[in-house]
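To be precise, the following lines are structure-v3.csv, and they hold CSV, C-alpha atoms.
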chain,number,residue,atom,x,y,z
N,100,MET,CA,13.2,51.7,122.1
N,101,VAL,CA,14.0,50.7,125.7
N,102,SER,CA,13.4,47.2,127.0
N,103,LYS,CA,10.3,47.8,129.1
N,104,LYS,CA,10.4,45.2,131.9
N,105,PHE,CA,6.8,46.2,132.6
N,106,THR,CA,7.8,49.9,132.9
N,107,VAL,CA,4.3,51.1,132.0
N,108,LEU,CA,2.9,49.1,134.9
N,109,ASP,CA,5.3,50.9,137.2
N,110,GLY,CA,4.0,54.2,135.9
N,111,LEU,CA,0.4,53.2,136.4
N,112,ARG,CA,1.2,52.3,140.0
N,113,GLY,CA,3.0,55.5,140.7
N,114,LEU,CA,0.2,57.7,139.3
N,115,ALA,CA,-2.4,55.8,141.3
N,116,ALA,CA,-0.3,56.3,144.5
N,117,LEU,CA,-0.2,60.1,143.9
N,118,LEU,CA,-4.0,60.2,143.5
N,119,VAL,CA,-4.4,58.3,146.7
N,120,LEU,CA,-2.2,61.0,148.3
N,121,THR,CA,-4.4,63.8,147.1
N,122,ARG,CA,-7.5,61.9,148.4
N,123,HIS,CA,-6.1,61.8,151.9
N,124,THR,CA,-4.6,65.3,152.0
N,125,GLU,CA,-7.4,67.4,150.6
N,126,ALA,CA,-6.8,70.2,153.0
N,127,TYR,CA,-3.5,70.9,151.2
N,128,TRP,CA,-5.2,71.2,147.9
N,129,GLY,CA,-8.2,73.3,148.9
N,130,ALA,CA,-10.5,70.8,147.1
N,131,PRO,CA,-12.8,68.7,149.2
N,132,SER,CA,-14.0,67.1,146.0
N,133,LEU,CA,-10.7,65.1,145.9
N,134,SER,CA,-12.1,62.8,148.6
N,135,HIS,CA,-15.4,62.4,146.7
N,136,ASN,CA,-14.1,60.8,143.5
N,137,HIS,CA,-13.2,57.2,142.6
N,138,SER,CA,-9.6,57.4,143.7
N,139,TYR,CA,-10.3,54.6,146.3
N,140,LEU,CA,-10.2,52.3,143.2
N,141,ALA,CA,-6.5,52.8,143.1
N,142,VAL,CA,-6.3,49.9,145.6
N,143,ASP,CA,-8.0,47.6,143.2
N,144,LEU,CA,-5.5,48.6,140.6
N,145,PHE,CA,-2.7,47.9,143.1
N,146,PHE,CA,-4.1,44.4,143.6
N,147,VAL,CA,-4.2,43.6,139.9
N,148,LEU,CA,-0.7,44.9,139.4
N,149,SER,CA,0.5,42.9,142.4
N,150,GLY,CA,-1.0,39.7,141.1
N,151,PHE,CA,0.6,40.2,137.7
N,152,VAL,CA,4.1,40.9,139.0
N,153,ILE,CA,3.9,38.2,141.7
N,154,SER,CA,3.0,35.6,139.0
N,155,HIS,CA,5.8,36.9,136.8
N,156,ALA,CA,8.4,36.6,139.5
N,157,TYR,CA,7.3,33.6,141.5
N,158,ALA,CA,4.9,31.3,139.6
N,159,GLN,CA,7.7,29.2,138.1
N,160,PRO,CA,9.8,28.7,141.3
N,161,LEU,CA,6.7,28.0,143.3
N,162,GLY,CA,5.5,25.6,140.7
N,163,ASP,CA,8.7,23.6,140.3
N,164,GLY,CA,9.4,23.4,144.1
N,165,ARG,CA,12.4,25.7,144.1
N,166,LEU,CA,10.5,28.1,146.4
N,167,SER,CA,8.4,27.1,149.4
N,168,ALA,CA,5.3,28.9,150.5
N,169,GLY,CA,7.1,29.9,153.7
N,170,ARG,CA,10.1,31.3,151.8
N,171,PHE,CA,7.8,33.2,149.4
N,172,MET,CA,6.0,34.8,152.3
N,173,LEU,CA,9.3,35.8,153.9
N,174,ILE,CA,10.3,37.4,150.7
N,175,ARG,CA,7.1,39.3,150.6
N,176,TRP,CA,7.4,40.3,154.2
N,177,ILE,CA,10.9,41.7,153.6
N,178,ARG,CA,9.7,43.6,150.6
N,179,LEU,CA,6.9,45.4,152.4
N,180,TRP,CA,7.9,45.5,156.1
N,181,PRO,CA,10.6,48.3,156.4
N,182,LEU,CA,8.5,51.1,155.1
N,183,HIS,CA,5.3,49.7,156.6
N,184,ALA,CA,7.1,49.7,160.0
N,185,LEU,CA,8.3,53.2,159.4
N,186,GLY,CA,4.8,54.4,158.6
N,187,ALA,CA,3.5,52.7,161.8
N,188,ALA,CA,6.2,54.3,163.9
N,189,LEU,CA,5.2,57.7,162.4
N,190,GLY,CA,1.6,57.0,163.2
N,191,VAL,CA,2.4,56.3,166.8
N,192,VAL,CA,4.3,59.5,167.1
N,193,MET,CA,1.2,61.3,165.9
N,194,LEU,CA,-0.9,59.6,168.5
N,195,ILE,CA,1.6,60.5,171.3
N,196,GLU,CA,1.8,64.1,170.2
N,197,LYS,CA,-2.0,64.3,170.2
N,198,ASP,CA,-2.1,62.5,173.6
N,199,ALA,CA,-5.0,60.6,172.0
N,200,LEU,CA,-4.4,57.2,173.4
N,201,SER,CA,-2.6,55.5,176.3
N,202,PRO,CA,0.3,53.2,175.7
N,203,GLY,CA,-1.8,50.3,176.8
N,204,VAL,CA,-4.0,50.9,173.7
N,205,TRP,CA,-1.5,51.7,171.0
N,206,VAL,CA,1.4,49.4,172.0
N,207,PRO,CA,-0.6,46.2,171.3
N,208,SER,CA,-1.9,47.7,168.1
N,209,LEU,CA,1.6,48.6,167.0
N,210,MET,CA,2.8,45.1,167.7
N,211,LEU,CA,0.0,43.6,165.6
N,212,MET,CA,0.6,46.1,162.8
N,213,MET,CA,4.2,45.1,162.6
N,214,LEU,CA,2.9,41.7,161.6
N,215,PHE,CA,0.5,43.2,159.1
N,216,LEU,CA,-2.4,42.3,161.4
N,217,PRO,CA,-5.3,44.7,162.2
N,218,SER,CA,-6.4,45.7,165.7
N,219,ARG,CA,-9.4,47.3,167.3
N,220,MET,CA,-8.9,50.9,168.6
N,221,PRO,CA,-12.4,52.2,169.3
N,222,GLU,CA,-10.9,55.2,171.1
N,223,ALA,CA,-9.4,56.3,167.8
N,224,GLY,CA,-11.9,55.1,165.3
N,225,HIS,CA,-13.3,52.0,163.6
N,226,GLY,CA,-10.5,51.4,161.1
N,227,LEU,CA,-8.4,48.2,160.8
N,228,PHE,CA,-5.2,50.2,161.1
N,229,GLU,CA,-5.9,53.5,162.9
N,230,ILE,CA,-2.2,54.0,163.5
N,231,ASN,CA,-1.6,54.3,159.7
N,232,PRO,CA,-4.8,53.7,157.7
N,233,PRO,CA,-3.3,52.7,154.4
N,234,GLY,CA,-2.0,49.5,156.1
N,235,TRP,CA,-5.4,47.9,155.6
N,236,SER,CA,-4.7,47.0,152.0
N,237,LEU,CA,-1.4,45.4,153.0
N,238,PHE,CA,-3.2,43.1,155.4
N,239,TYR,CA,-5.4,41.8,152.6
N,240,GLU,CA,-2.4,41.7,150.2
N,241,MET,CA,-0.4,39.5,152.6
N,242,ALA,CA,-3.4,37.2,153.3
N,243,VAL,CA,-4.1,36.6,149.6
N,244,ASN,CA,-0.4,36.2,148.9
N,245,LEU,CA,-0.4,33.4,151.5
N,246,LEU,CA,-3.5,31.8,149.9
N,247,TYR,CA,-1.8,32.0,146.5
N,248,ALA,CA,1.4,30.4,147.8
N,249,LEU,CA,-0.4,27.6,149.6
N,250,THR,CA,-2.7,26.7,146.7
N,251,HIS,CA,-0.5,27.5,143.7
N,252,ARG,CA,0.1,24.0,142.5
N,253,TRP,CA,-3.7,23.4,142.3
N,254,ILE,CA,-4.5,26.7,140.5
N,255,THR,CA,-5.0,25.4,137.0
N,256,ASN,CA,-6.5,27.8,134.4
N,257,ARG,CA,-9.9,26.2,135.1
N,258,VAL,CA,-9.6,26.7,138.8
N,259,LEU,CA,-8.4,30.3,138.3
N,260,VAL,CA,-11.5,31.0,136.1
N,261,ALA,CA,-13.7,29.6,138.8
N,262,VAL,CA,-12.0,31.7,141.5
N,263,LEU,CA,-12.5,34.8,139.4
N,264,LEU,CA,-16.1,34.1,138.6
N,265,THR,CA,-17.0,33.4,142.2
N,266,SER,CA,-15.1,36.3,143.7
N,267,GLY,CA,-16.3,38.6,140.9
N,268,ALA,CA,-19.9,37.7,141.5
N,269,GLY,CA,-19.4,38.4,145.2
N,270,LEU,CA,-17.7,41.7,144.4
N,271,ALA,CA,-20.5,42.7,142.1
N,272,ALA,CA,-23.2,41.8,144.7
N,273,ILE,CA,-21.5,43.7,147.5
N,274,ALA,CA,-20.8,46.7,145.3
N,275,LEU,CA,-24.5,46.9,144.2
N,276,TYR,CA,-25.6,46.5,147.9
N,277,HIS,CA,-23.2,49.1,149.3
N,278,GLY,CA,-23.4,51.5,146.4
N,279,SER,CA,-19.6,51.4,145.7
N,280,LEU,CA,-16.4,49.4,146.3
N,281,ASP,CA,-15.1,51.8,148.9
N,282,LEU,CA,-14.9,49.0,151.4
N,283,GLY,CA,-12.3,47.0,153.3
N,284,TYR,CA,-10.8,49.4,155.9
N,285,THR,CA,-13.2,49.2,158.8
N,286,TRP,CA,-14.4,46.5,161.2
N,287,SER,CA,-17.9,46.0,159.9
N,288,GLY,CA,-18.8,42.7,158.4
N,289,ARG,CA,-19.7,44.2,155.0
N,290,SER,CA,-16.4,46.1,154.9
N,291,LEU,CA,-14.3,43.0,155.8
N,292,ALA,CA,-16.1,41.0,153.1
N,293,GLY,CA,-15.7,43.7,150.6
N,294,GLY,CA,-12.0,44.1,151.3
N,295,ALA,CA,-11.4,40.3,151.0
N,296,LEU,CA,-13.3,40.1,147.8
N,297,ARG,CA,-11.4,43.1,146.3
N,298,ALA,CA,-8.1,41.5,147.2
N,299,VAL,CA,-8.9,38.0,146.0
N,300,PHE,CA,-10.5,39.1,142.7
N,301,GLY,CA,-7.8,41.7,142.0
N,302,ILE,CA,-4.7,39.6,142.8
N,303,PHE,CA,-6.0,36.5,141.0
N,304,LEU,CA,-7.1,38.6,138.1
N,305,GLY,CA,-3.5,39.8,137.9
N,306,VAL,CA,-2.3,36.2,137.9
N,307,GLY,CA,-4.7,35.4,135.1
N,308,LEU,CA,-3.6,38.4,133.1
N,309,HIS,CA,0.0,37.3,133.4
N,310,ARG,CA,-0.8,33.8,132.2
N,311,LEU,CA,-2.7,35.3,129.2
N,312,TYR,CA,0.3,37.6,128.6
N,313,LEU,CA,2.7,34.6,128.5
N,314,ALA,CA,0.4,32.5,126.3
N,315,ARG,CA,-0.1,35.3,123.7
N,316,ARG,CA,3.3,37.0,124.0
N,317,HIS,CA,4.6,35.6,120.7
N,318,LEU,CA,1.4,36.8,119.0
N,319,VAL,CA,1.5,40.4,120.2
N,320,GLN,CA,5.2,41.2,120.0
N,321,SER,CA,4.8,42.5,116.4
N,322,GLY,CA,1.4,44.1,117.0
N,323,ARG,CA,0.7,47.7,118.0
N,324,THR,CA,-0.5,48.6,121.5
N,325,PRO,CA,-1.9,51.9,122.8
N,326,GLY,CA,0.6,54.4,123.8
N,327,PRO,CA,1.6,54.3,127.5
N,328,TRP,CA,0.5,57.9,128.1
N,329,LEU,CA,-3.0,57.0,126.8
N,330,LEU,CA,-3.2,54.1,129.2
N,331,CYS,CA,-2.2,56.4,132.0
N,332,ALA,CA,-4.7,59.0,131.0
N,333,VAL,CA,-7.5,56.4,131.0
N,334,VAL,CA,-6.6,55.2,134.5
N,335,VAL,CA,-6.3,58.7,135.9
N,336,ALA,CA,-9.6,59.7,134.3
N,337,PHE,CA,-11.4,56.9,136.0
N,338,LEU,CA,-9.8,57.5,139.4
N,339,LEU,CA,-10.7,61.2,139.2
N,340,LEU,CA,-14.2,60.7,138.0
N,341,PRO,CA,-16.6,62.4,140.5
N,342,ASN,CA,-18.9,60.1,142.5
N,343,LEU,CA,-22.2,59.7,140.8
N,344,ALA,CA,-24.8,58.7,143.3
N,345,ARG,CA,-26.9,56.4,141.0
N,346,LEU,CA,-24.0,55.1,139.0
N,347,GLY,CA,-21.3,54.7,141.7
N,348,SER,CA,-21.3,50.9,141.8
N,349,ALA,CA,-21.6,50.6,138.0
N,350,VAL,CA,-18.6,52.9,137.5
N,351,ASP,CA,-16.6,50.9,140.1
N,352,LEU,CA,-17.4,47.5,138.5
N,353,PHE,CA,-16.7,48.7,135.0
N,354,ALA,CA,-13.3,50.0,136.2
N,355,VAL,CA,-12.4,46.8,138.0
N,356,PHE,CA,-13.9,44.3,135.5
N,357,VAL,CA,-12.9,46.1,132.2
N,358,VAL,CA,-10.8,49.2,132.5
N,359,PHE,CA,-8.0,48.1,134.9
N,360,PRO,CA,-7.5,44.6,133.4
N,361,VAL,CA,-7.4,46.0,129.8
N,362,CYS,CA,-4.9,48.7,130.8
N,363,VAL,CA,-2.7,46.3,132.8
N,364,TYR,CA,-2.7,43.7,129.9
N,365,LEU,CA,-1.9,46.3,127.3
N,366,GLY,CA,0.5,48.1,129.6
N,367,ALA,CA,2.5,44.9,130.0
N,368,GLN,CA,3.0,44.9,126.2
N,369,ALA,CA,3.6,48.6,125.6
N,370,SER,CA,7.1,49.9,124.7
N,371,VAL,CA,8.4,53.1,126.3
N,372,GLU,CA,10.8,55.7,125.0
N,373,ALA,CA,13.9,56.3,127.1
N,374,PRO,CA,12.8,59.6,128.9
N,375,SER,CA,9.4,58.2,129.7
N,376,ALA,CA,10.9,54.9,130.8
N,377,ARG,CA,13.0,56.6,133.4
N,378,LEU,CA,10.0,58.6,134.6
N,379,PHE,CA,7.7,55.6,134.8
N,380,SER,CA,10.4,53.5,136.6
N,381,MET,CA,10.8,56.3,139.1
N,382,LEU,CA,7.1,56.5,139.7
N,383,GLY,CA,6.9,52.8,140.3
N,384,LEU,CA,9.9,52.9,142.7
N,385,LEU,CA,8.4,55.7,144.8
N,386,SER,CA,4.8,54.5,144.7
N,387,TYR,CA,5.0,52.3,147.8
N,388,PRO,CA,6.7,54.8,150.1
N,389,ILE,CA,4.3,57.5,149.0
N,390,TYR,CA,1.4,55.2,149.7
N,391,VAL,CA,2.4,54.1,153.2
N,392,LEU,CA,3.9,57.4,154.5
N,393,HIS,CA,1.6,60.2,153.1
N,394,VAL,CA,-1.1,59.9,155.9
N,395,PRO,CA,1.1,60.2,159.0
N,396,LEU,CA,3.4,62.8,157.4
N,397,GLY,CA,0.5,64.8,156.1
N,398,GLU,CA,-1.2,64.9,159.4
N,399,TRP,CA,2.0,65.7,161.3
N,400,LEU,CA,2.8,68.6,159.0
N,401,GLN,CA,-0.8,69.9,159.1
N,402,GLY,CA,-0.7,69.8,162.9
N,403,THR,CA,2.6,71.7,163.2
N,404,MET,CA,1.6,74.5,160.8
N,405,ALA,CA,1.1,77.7,162.7
N,406,ALA,CA,-1.5,78.9,160.1
N,407,PRO,CA,-4.3,77.1,158.3
N,408,LEU,CA,-3.4,75.5,155.0
N,409,ALA,CA,-6.4,76.8,153.1
N,410,PRO,CA,-4.9,80.2,152.1
N,411,TYR,CA,-1.9,78.3,150.6
N,412,ALA,CA,-3.8,75.7,148.7
N,413,PRO,CA,-3.2,74.2,146.1
N,414,LEU,CA,0.5,75.3,146.4
N,415,ALA,CA,0.7,73.6,149.8
N,416,GLY,CA,-0.3,70.4,148.1
N,417,VAL,CA,2.2,70.7,145.3
N,418,VAL,CA,5.0,71.5,147.8
N,419,PHE,CA,4.0,68.6,150.1
N,420,ALA,CA,3.8,66.1,147.2
N,421,ALA,CA,7.2,67.3,145.9
N,422,ALA,CA,8.7,67.0,149.4
N,423,LEU,CA,7.3,63.5,149.9
N,424,VAL,CA,8.6,62.3,146.5
N,425,THR,CA,12.0,63.6,147.5
N,426,LEU,CA,11.8,62.0,150.9
N,427,ALA,CA,10.6,58.7,149.3
N,428,TRP,CA,13.6,58.7,146.9
N,429,VAL,CA,16.0,59.2,149.8
N,430,LEU,CA,14.3,56.6,152.0
N,431,ASP,CA,14.4,54.1,149.2
N,432,ARG,CA,18.2,54.4,148.9
N,433,ARG,CA,19.2,55.1,152.5
N,434,PHE,CA,16.6,53.1,154.4
N,435,ASP,CA,14.4,50.6,152.5
N,436,GLN,CA,16.9,49.0,150.1
N,437,PRO,CA,19.7,48.7,152.7
N,438,LEU,CA,17.4,47.2,155.4
N,439,ARG,CA,15.8,44.8,152.9
N,440,ARG,CA,19.3,43.6,151.8
N,441,TRP,CA,20.3,43.1,155.4
N,442,LEU,CA,17.1,41.2,156.2
N,443,THR,CA,17.6,39.1,153.1
N,444,ARG,CA,21.2,38.2,154.2
N,445,LEU,CA,20.0,37.6,157.8
N,446,THR,CA,17.3,35.2,156.7
N,447,ALA,CA,19.2,33.5,153.8
N,448,THR,CA,19.1,29.7,153.8
N,449,ARG,CA,22.5,28.3,154.8
N,450,ARG,CA,23.5,24.9,153.5
N,451,THR,CA,25.1,22.6,156.0
N,452,PRO,CA,28.7,21.8,154.8
N,453,SER,CA,29.2,18.2,153.6
N,454,ARG,CA,31.4,16.0,155.7
N,455,ASN,CA,33.4,15.2,152.6
N,456,ALA,CA,34.0,18.8,151.7

Target format structure tokens, applied to this file:
Amino acid sequence: MVSKKFTVLDGLRGLAALLVLTRHTEAYWGAPSLSHNHSYLAVDLFFVLSGFVISHAYAQPLGDGRLSAGRFMLIRWIRLWPLHALGAALGVVMLIEKDALSPGVWVPSLMLMMLFLPSRMPEAGHGLFEINPPGWSLFYEMAVNLLYALTHRWITNRVLVAVLLTSGAGLAAIALYHGSLDLGYTWSGRSLAGGALRAVFGIFLGVGLHRLYLARRHLVQSGRTPGPWLLCAVVVAFLLLPNLARLGSAVDLFAVFVVFPVCVYLGAQASVEAPSARLFSMLGLLSYPIYVLHVPLGEWLQGTMAAPLAPYAPLAGVVFAAALVTLAWVLDRRFDQPLRRWLTRLTATRRTPSRNA
């Protein structure tokens, strides 16, 4: 068996990113139903996974003072910014090619997007990030990351439970009122509240799951956990479940309150055979570039095609997904990792030499 290092969680993240891709490129697959399932819940899974991994990596250094809130946010900014900036640049290219907006509109929006901040572009739509729509979840991610860093020392287990109960109640209320949790990406008050609640509940739920994992790690090491492929199948099944008008919010809440936390908690404990471990690790590695690049690249390719995509579906979707996976792998090695290393060196804390040295 291979040492997992949360490899199953990487696989869950990668599969969820691929399902988000199919949701936003339905023309490539010839299946309009792909945008009428519960794949928008992938964002809630991302939030839970993010909270778990952040707690695992940074809870101790934040707690003992070795890492400041500012430094933590810088680390998070460096981790997310290069590909986010590339996605924004590609989105601007699309707007220029369409001649949809004047520079006076998209330049300020691009500058705000580079800071993970939303902007209003009524000429293009009502989304928080019309330049590259998936950026909306990164805005909430960074905001809740900052909240976590600033309040970490006071987040005892009791406080964490209170945060989860409060945000969970709000999430349930807004899901029942709206009919689903497909919220957060537009400028309406209900959407903004829904996005904030999804991020706060999901990320702090991930933090809580990590604390539970640490507290019970010695008790579960010898126990059996469901196979990683079963956990993946459960997550994929819920994300692909067709929208049911009367049960939409109930399905969403069951997934967010039960299915995702159980799968993340069990996935953190699951062991993976070597071939699957390599596949899961690759899925996790490529999940972020797939998520932030699939919309502008998909729209650009669709706009440049001389013929409609429908006659070539779903082969067009398979080819596009395969090409994007390949591009994501190249970008990770040739663009994202080198730029993040350079930014890390550039922003490294330098100690002032002692006079006695």

What are the closest atom pairs, with distances in Å to one decimal, for all residues of segment 372-438 of chain N lying within 7 Å of segment 177-192 of chain N? Consider all atoms listed in the file, order rows by chain and residue number, and present the result as a tab-separated table.
residue	atom	partner	partner_atom	distance
N:Pro388	CA	N:Leu182	CA	6.5
N:Val391	CA	N:Gly186	CA	5.9
N:Leu392	CA	N:Gly186	CA	5.2
N:Pro395	CA	N:Gly190	CA	5.3
N:Asp435	CA	N:Pro181	CA	5.9
N:Leu438	CA	N:Pro181	CA	7.0

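Of note, atom CA of Leu385 of chain N and atom CA of Met212 of chain N are spaced 21.8 Å apart.
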
Item to check | Test item: which residues lie within 9 Å of (-7.1, 62.3, 140.2) counting all atoms listed in the file, as an MDAnalysis selection string | outcome: chainID N and resid 114:115 117:119 121:122 133 136:138 335:340

Set out as a Markdown table a contact list for segment 201-307 of chain N and segment 353-371 of chain N with a cut-off of 10 Å, giving each residue of segment 201-307 of chain N that qualifies its closest atom pair and distance in Å to one decimal, counting only C-alpha atoms, ordered by chain and rising residue number.
| residue | atom | partner | partner_atom | distance |
| --- | --- | --- | --- | --- |
| N:Gly267 | CA | N:Phe356 | CA | 8.2 |
| N:Leu270 | CA | N:Val355 | CA | 9.7 |
| N:Ala271 | CA | N:Phe356 | CA | 9.5 |
| N:Leu280 | CA | N:Val355 | CA | 9.6 |
| N:Arg297 | CA | N:Val355 | CA | 9.1 |
| N:Phe300 | CA | N:Val355 | CA | 9.2 |
| N:Gly301 | CA | N:Val355 | CA | 7.9 |
| N:Leu304 | CA | N:Pro360 | CA | 7.6 |
| N:Gly305 | CA | N:Pro360 | CA | 7.7 |
| N:Gly307 | CA | N:Pro360 | CA | 9.8 |

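Taking atom CA of Ser348 of chain N and atom CA of His277 of chain N as the two end points, the separation is 7.9 Å.
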
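Between Leu259 of chain N and the candidates N:His309, N:Thr124, N:Gly383, N:Ala156, the tightest atom-to-atom separation, counting all atoms listed in the file, involves N:His309.
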
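Nearest-residue note for Glu398 of chain N: choosing from N:Met220, N:Met213, N:Ala427, N:Met193, the minimum distance belongs to N:Met193, counting only C-alpha atoms.
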
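Computed from the coordinates, the atom CA of Tyr276 of chain N to atom CA of Ser149 of chain N distance equals 26.9 Å.
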
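Shortest atom-to-atom contact with His225 of chain N among N:Ser290, N:Ser134, N:Thr443, N:Asn342: N:Ser290, counting all atoms listed in the file.
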
Next on the checklist: With distances taken over all atoms listed in the file, which residue among N:Gln401, N:Ser375, N:Thr446, N:Thr265 lies nearest Arg170 of chain N?
Outcome noted: N:Thr446

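Selecting by distance to (6.0, 38.3, 136.5) with a limit of 10 Å and using all atoms listed in the file, one obtains N:Lys104, N:Phe105, N:Leu148, N:Ser149, N:Gly150, N:Phe151, N:Val152, N:Ile153, N:Ser154, N:His155, N:Ala156, N:Tyr157, N:Ala158, N:Gln159, N:Gly305, N:Val306, N:His309, N:Arg310, N:Tyr312, N:Leu313, N:Ala367.
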
Those residues you just picked out, can you put them in a file as a PDB file, in the frame of the given file with C-alpha atoms?
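Final output, selection-v1.pdb:
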ATOM      1  CA  LYS N 104      10.400  45.200 131.900  1.00  0.00           C
ATOM      2  CA  PHE N 105       6.800  46.200 132.600  1.00  0.00           C
ATOM      3  CA  LEU N 148      -0.700  44.900 139.400  1.00  0.00           C
ATOM      4  CA  SER N 149       0.500  42.900 142.400  1.00  0.00           C
ATOM      5  CA  GLY N 150      -1.000  39.700 141.100  1.00  0.00           C
ATOM      6  CA  PHE N 151       0.600  40.200 137.700  1.00  0.00           C
ATOM      7  CA  VAL N 152       4.100  40.900 139.000  1.00  0.00           C
ATOM      8  CA  ILE N 153       3.900  38.200 141.700  1.00  0.00           C
ATOM      9  CA  SER N 154       3.000  35.600 139.000  1.00  0.00           C
ATOM     10  CA  HIS N 155       5.800  36.900 136.800  1.00  0.00           C
ATOM     11  CA  ALA N 156       8.400  36.600 139.500  1.00  0.00           C
ATOM     12  CA  TYR N 157       7.300  33.600 141.500  1.00  0.00           C
ATOM     13  CA  ALA N 158       4.900  31.300 139.600  1.00  0.00           C
ATOM     14  CA  GLN N 159       7.700  29.200 138.100  1.00  0.00           C
ATOM     15  CA  GLY N 305      -3.500  39.800 137.900  1.00  0.00           C
ATOM     16  CA  VAL N 306      -2.300  36.200 137.900  1.00  0.00           C
ATOM     17  CA  HIS N 309       0.000  37.300 133.400  1.00  0.00           C
ATOM     18  CA  ARG N 310      -0.800  33.800 132.200  1.00  0.00           C
ATOM     19  CA  TYR N 312       0.300  37.600 128.600  1.00  0.00           C
ATOM     20  CA  LEU N 313       2.700  34.600 128.500  1.00  0.00           C
ATOM     21  CA  ALA N 367       2.500  44.900 130.000  1.00  0.00           C
TER      22      ALA N 367
END

Item to check | Which of N:Ser201, N:Met172, N:Gly269, N:Pro221 sits closest to Leu246 of chain N [using all atoms listed in the file] | outcome: N:Met172
